Structures are given as structure tokens and as C-alpha cells.
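In what follows, a structure is listed as C-alpha cells, so that the remarks can point back to it.
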Amino acid sequence: MLKPLLRLLLKILFRVEVQGDRNVFGDPRTLIVANHESFLDGLLLGVFLPVDAVFVVHTQVASRPLFRFLLRFVPHLTVDPSSPLAIKQIVRLVESGRPVAIFPEGRITRTGSLMKVYDGAAFVAAKTGATVVPVRIDGAARSYFGRLAGVFPRQAFPRMRIAIRPPQRIPMPALPSARLRRRRAGELMRHILLDMLVATRPPRTLYEAFLDAKATFGTQYRLVEDIRLQEETYGSLLKMALALARLTSRLSAPGETLGVLAPNAAPTLGLLLGLSLGRRIPALLNYTAGPEGLRAACQAADIKTIVASRTFVEKAHLGPLLAAVAEIRVHYLEDLKADFGLADRLWLLWHLAFPRHAALPQQPEDAAVVLFTSGSEGKPKGVVHSHASLLANVAQIRAVADFTPQDKFMMALPLFHAFGLTCGALLPLVSGCQVFLYPNPLHYRVIPELVYDRNCTVLFGTSTFLGNYAKFAHPYDFGRLRYVIAGAERLAESVREHWLDKFGIRILEGYGVTECAPVVAVNVPMACRNGSVGQLLPGIDYELEPVPGIVEGGALHLKGPNLLKGYLLFDQPGVIQPPPAIRPGWYATGDIASVDADGFLYIRGRLKRFAKIAGEMISLEAVEGLAASAAPDFIHAAATRSDAARGEALVLFTTAPELGRERLLATARALGLPELAVPRVIRRIDALPLLGTGKTDYQSLKRMAEEIPA
């Protein structure tokens, strides 16, 4: 009688919703594992799950007055984790045939993300062969029964959700010692819980996710700051978005792709949200790609209209760039403001009160944004992402990194870059992390000063940019940074060591591709291994396809909820083409990779960046690593040129003034590299050509290599 009353009371107070298949608890040996959000979690599961599970509770927790009261309503087993008998008690309970519920984190979250996962629950599952049923609790952490005071805004009666996932099993790992078996089983349990967090994300559009975050953090919550040193709130961003949605609706039709040429600034976020809610698809144009690159991008995406910032175009001297696409209409934001009349103001006031009514109908799987590949290997391709794929990547990042509203990001990478868009715009908009948007990553002296002045705790950058920030920064400038994340290119060992020596900060390297929105893998404090790019994000599957001539690793293929909808190609404007794949639903990255026994991913190089010399496959990235070992304080890049005798020949471009082949040969012998990996042609240059994203411009280097006399 008491259980139905409690269920009714909790449903009324917290609007509890139970999702998933309730018939997954039929196995005689069932272990229910859940994330731990609040003191209510045990009661919620005990009341709403369709089985009478026995809850495993820490003896210290069970002795507290509140828990003593709550535990009267649910069957439970109190255990002391420090006792060697604790695991045996739980094993006997599971083997008795009663469903057992346990919180593998062992404590209530203090970050809103998954905490450390203890090995005990996983070892019990492996030892007993029990069916593991993951259950996600969502919303309870924001109540006054959670432990996020001072981290997240709390509500008296937040909406709560219980999501039941399909059952899984954890096999006993075939390892030589009990300690290793237990540790591996614990890792498998952690990945089950991480996958659960991503798989149970609600289906939403970008605009809906923004409004949900606004409801969580409040209209006056300060979210975005830029070089105007003016902080924008959720409310002011919404006002911008609605006004720009109204104005841009006169320039285009629903479903049309519009080019966006704007800097890293708060109004750009407002424009992206405005286009999104109006069912227009923003195509973020790379203003560093040059006239030919811009023309190719506009043709691929079938862009007829560009929305730009006049101030930005003038300050960045982009007039000649726009002249290359003179046939495309260009509308400046500054001019559009003059057309905002009385009827528009009344429309804005109404929809500020009822913002969800302003959005045109669309589905999470609809196209949301067009990004463009760097063009480092050919003409830029348009990469079409849906609302679902972008928000899936945000959910994947939030699952493994404990970003909170107490964090402030410094984002100088351009928003037209997938790394900049997802981590500098979408992640803050959804998670409530503050962000400082800076328009130029090349300001190596200014950015460290801003990181210090604005109390930033998270910095994103490429290896090249991070290396230069370290050169000019004061040792105290980065004193508040919790995360420094490198992506878009391989992290140089010299940069890693410089940051560790000068600032005591470990750079966390990640790996991403535009087609995956973009983050695929990243090192985090809970799972980090130097030399790797981290473990794959939850929800991503991989396959390694053998490549003839390459011994270590294979061609990396990916599958996950963050994959692109398709490509827009130069020769078929506006038509979405499926990506190359081993089978439908997969994506061929074009990278050579390997994965170790603990799931850490190692990128060996681009398949296109392997040279075939005298029948042997030589990695150009290995050549660059050789040069970096021989001359660590300089920048190097390898390219190839045609060779009549050997097929291809290596060319090394370097800023080192005295690096010669003899030193490279000696270093190669010390590293155990073959002589074929030592370039015969070495060219000294003042600086490597870079793309706007900070990546090395290998197309330019290839042309330079071919121009060298034989």
C-alpha cells in the first residue's frame, strides 16, 4: 500500500517519467546499475522499477538519519567496502536469485557527470554471470536532495526521468591476476555507464536544447563574453536569436542554406540560433581559405545568400574575398537592423514570452549546419550535420569531461572549424559553461593575458597555437586552467614538455574529424595515456581495416550517433552524398590507427600521408617525428614529390637552420627507423604555411616540393 502512495507522491512532485523496456528484469541473476545523482535515487528506483530489488548500501550511509528513514521502504544490504567479505556478501545475494541494485560510483555526483566507478559491482557481475541492466536517473541532481549546491542551480521539484537500458553482460576478463581481472571488469562497467548517459539523451533540436538550458540556468545567467568585454546572458542571446530569425526570414526560404561570414563573437551565436529556429541551415564559411576555397565552398553548398558582419569584413580586409563570389547576394547584419520595424518589435515581445512558439517545425535528424573540410587534401567539401549528431557529440563530451557552470572556456579557434563550433559554442550553450570568444588564435601574447584576466579554466587549441601561447605567457597566466585540450593536429612532444615544465599543466590530446562533429576520442584526467589521443567517446564503435604494406594498425572506420548526414560536393551542388564507408552507417576516416588493450587510440598518420618508396610504405608523420627528435626546438613538415626511380621521394621542410641529413641518419639509427625514412631533400623555410584552423597546409607544401629541381 505504501509503495503506490509514494509512487503517486513522487509523480506529482517531480513528474517522474519512466522510459525503456520494463521486461528486461527476467533473468534469475540480475544486477541493476545506476548513476548516483541524489539521496532520492534508491527510493526512486525502489518505487518505480517493476521489480523488488535489494539495494546495496554503504554502512556509513545507512547510519545517517535520512537514509535510515528512506531505507525502511526498500529492501537493502549494508556492506562495508573496506571489508574483504563485502564482495562475497553481494555475490551470494545475486546468486540467491533476487535482483540487486547498486550504484557503482559509490557516492553522489558533485559535478553533474559520472564520478569514479569502483570495480566491485563489475567484478560481481563477471563472477556471477549476472545480467547487467543499466538505469539512468536524470534530473534528481538538480533537486535539493543532490550535492550540486554552488555548482548547478537547484530547483525544489525538478522534472525527473528514469531510463532503462537493454541488458548486457560483463564476461570475466582472461587476465593472469585477480587484480587485473577486476580492474578490466571495472573499465567495462565504466563504459557501460558512459554509453548509457549518451544513449539516453533526449531527442532535441539545437534551439530546443538552448531553451532547455535557459530554463535550467535562468534568463539572467551570464554565458558568453567576447572582445567587447560585454557579457551576454541566456536572455540577451534569445533576444538576438529571435530578432535575427525574423530578419533573415525575409532573405531566404525555410530549408535554404545561407552562408555565414562572421567572427568569434556573441552576435554570431545569436545568428546561428536565429537561423536554426527559422529552419535555415547556416553554412559557416572559412574566411582563411582564399578566393578559390570560398568559391568552391559556396558552389558545393549551393549558397545563394551570405549573411556577414560589415565591421568584421572591413577589419579583416575580406572585401577581395567576397569579390570572388560577386554573384552571391551579401547582406550585412548592420544594415538589417534598420529594417526592424514596429510589427517586428511586437512579434519579438510576444515570442520572448513564448519562445518555443517561434521555431518552425523540424526534427532532430534534419540538417542543422554545414561545415567545410579544411581543403588540405583537395577542394573543400561541405559536411552536413543534423541537430542530433551535433548534440550527440556534446553529450559524449559531457559524459567523459566534468565541465560545470563554474568553468569558463577560452575559445580562439574559429567557429567555422568543427572544433571551435562544438566546443566553443554548442557545448557552452547546452551545459551552462561560460565562454570567452576571441576572434584570432594567432594573437599569441594577448590570449594568455585574457586567460589570466578573465579567469578561464579551460583552453582549447592546436599544438601549434598552444606552443606559441606557452612561449609568450607568464608562468602565472595559466594558473587557473583545469583542462588544456589539444586537437586538429598531432601534439608535439616539445609542446607537451614545455607546458608541463613551465606551467605544471598536462595537455590532454584528443582526436576528431569534421565528419564526426568533431570529437572522436580525448584524454581526460580519469583515462589518460601519453602518446595516445585517448579512448573513443561513448557510443562510438570502430573497425580497423588491414592496409597492404602497413604492419602497425589499419584504416580506421567509425560508427556512432555523431556522424554526418553526408557531403556536399563541388561537382554536385546542394545534393547530400553519403560518405565513403565499409557499409551503411559507417564512416571511413582515412586515418591509420591502432588501439591498445585498454582501448586507447593511437593515430599513426593519414593514409594519404604514406609515401611508397622503393616498394616500402613510409609514414610522413614518422618522418616529421624523426625531424622533431633531431631538432626538437623547431617546426618540421614532410611532403613528397615524384621520383622516376623510386616512385616517390621525401622532402623535409624545416625551420631548423642547421639540420642536415647526417644528423637525421644518426637519429634514425638511434630510434630504429629505416634509412628510407630519412629525406634526401631538406629545405629550410622561415615558417610553415598554415590553414586558418592552425593545421599545416600540406597542399602548398606538396606544390613547393614538386617545384624543387630534381
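By order of appearance in the C-alpha cells: chains A, B, ..., then residues from 1 within every chain, and ligands from 1 in the order shown.
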
TODO: Do a neighbour search on A:Ala141 at 8 Å with only C-alpha atoms, toss out local chain neighbours closer than 2 positions, and write the hits as a PyMOL selection string.
DONE: chain A and resi 37-38+109+112+138-139+143-148

TODO: Name the closest residue to A:Glu225 among the candidates A:Ile328, A:Leu321, A:Ala241, A:Cys433; distances are taken between atoms, counting only C-alpha atoms.
DONE: A:Cys433

Open item on the list: I'd like the neighbourhood of A:Ala121 as a list in words, where a residue qualifies if any of its atoms comes within 10 Å (using only C-alpha atoms), though same-chain residues fewer than 3 positions away should be ignored.
Closed with: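 Contacts, in chain order: Leu31, Ile32, Val33, Val56, Ile87, Ile90, Val91, Ala101, Ile102, Phe103, Pro104, Glu105, Gly106, Val117, Tyr118, Val124, Ala125, Ala126, Lys127, Val132, Arg182, Ala185, Gly186 and Met189 of chain A.
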
Open item on the list: What's the separation between atom CA of A:Arg142 and atom CA of A:Gly432, in Å to one decimal place?
Closed with: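 Here the two named atoms are 13.5 Å from each other.
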
Open item on the list: Taking only stretch 624-658 of chain A into account, list the residues labelled strand (DSSP E) by DSSP (computed from the backbone), as an MDAnalysis selection string.
Closed with: chainID A and resid 636:643 647:654
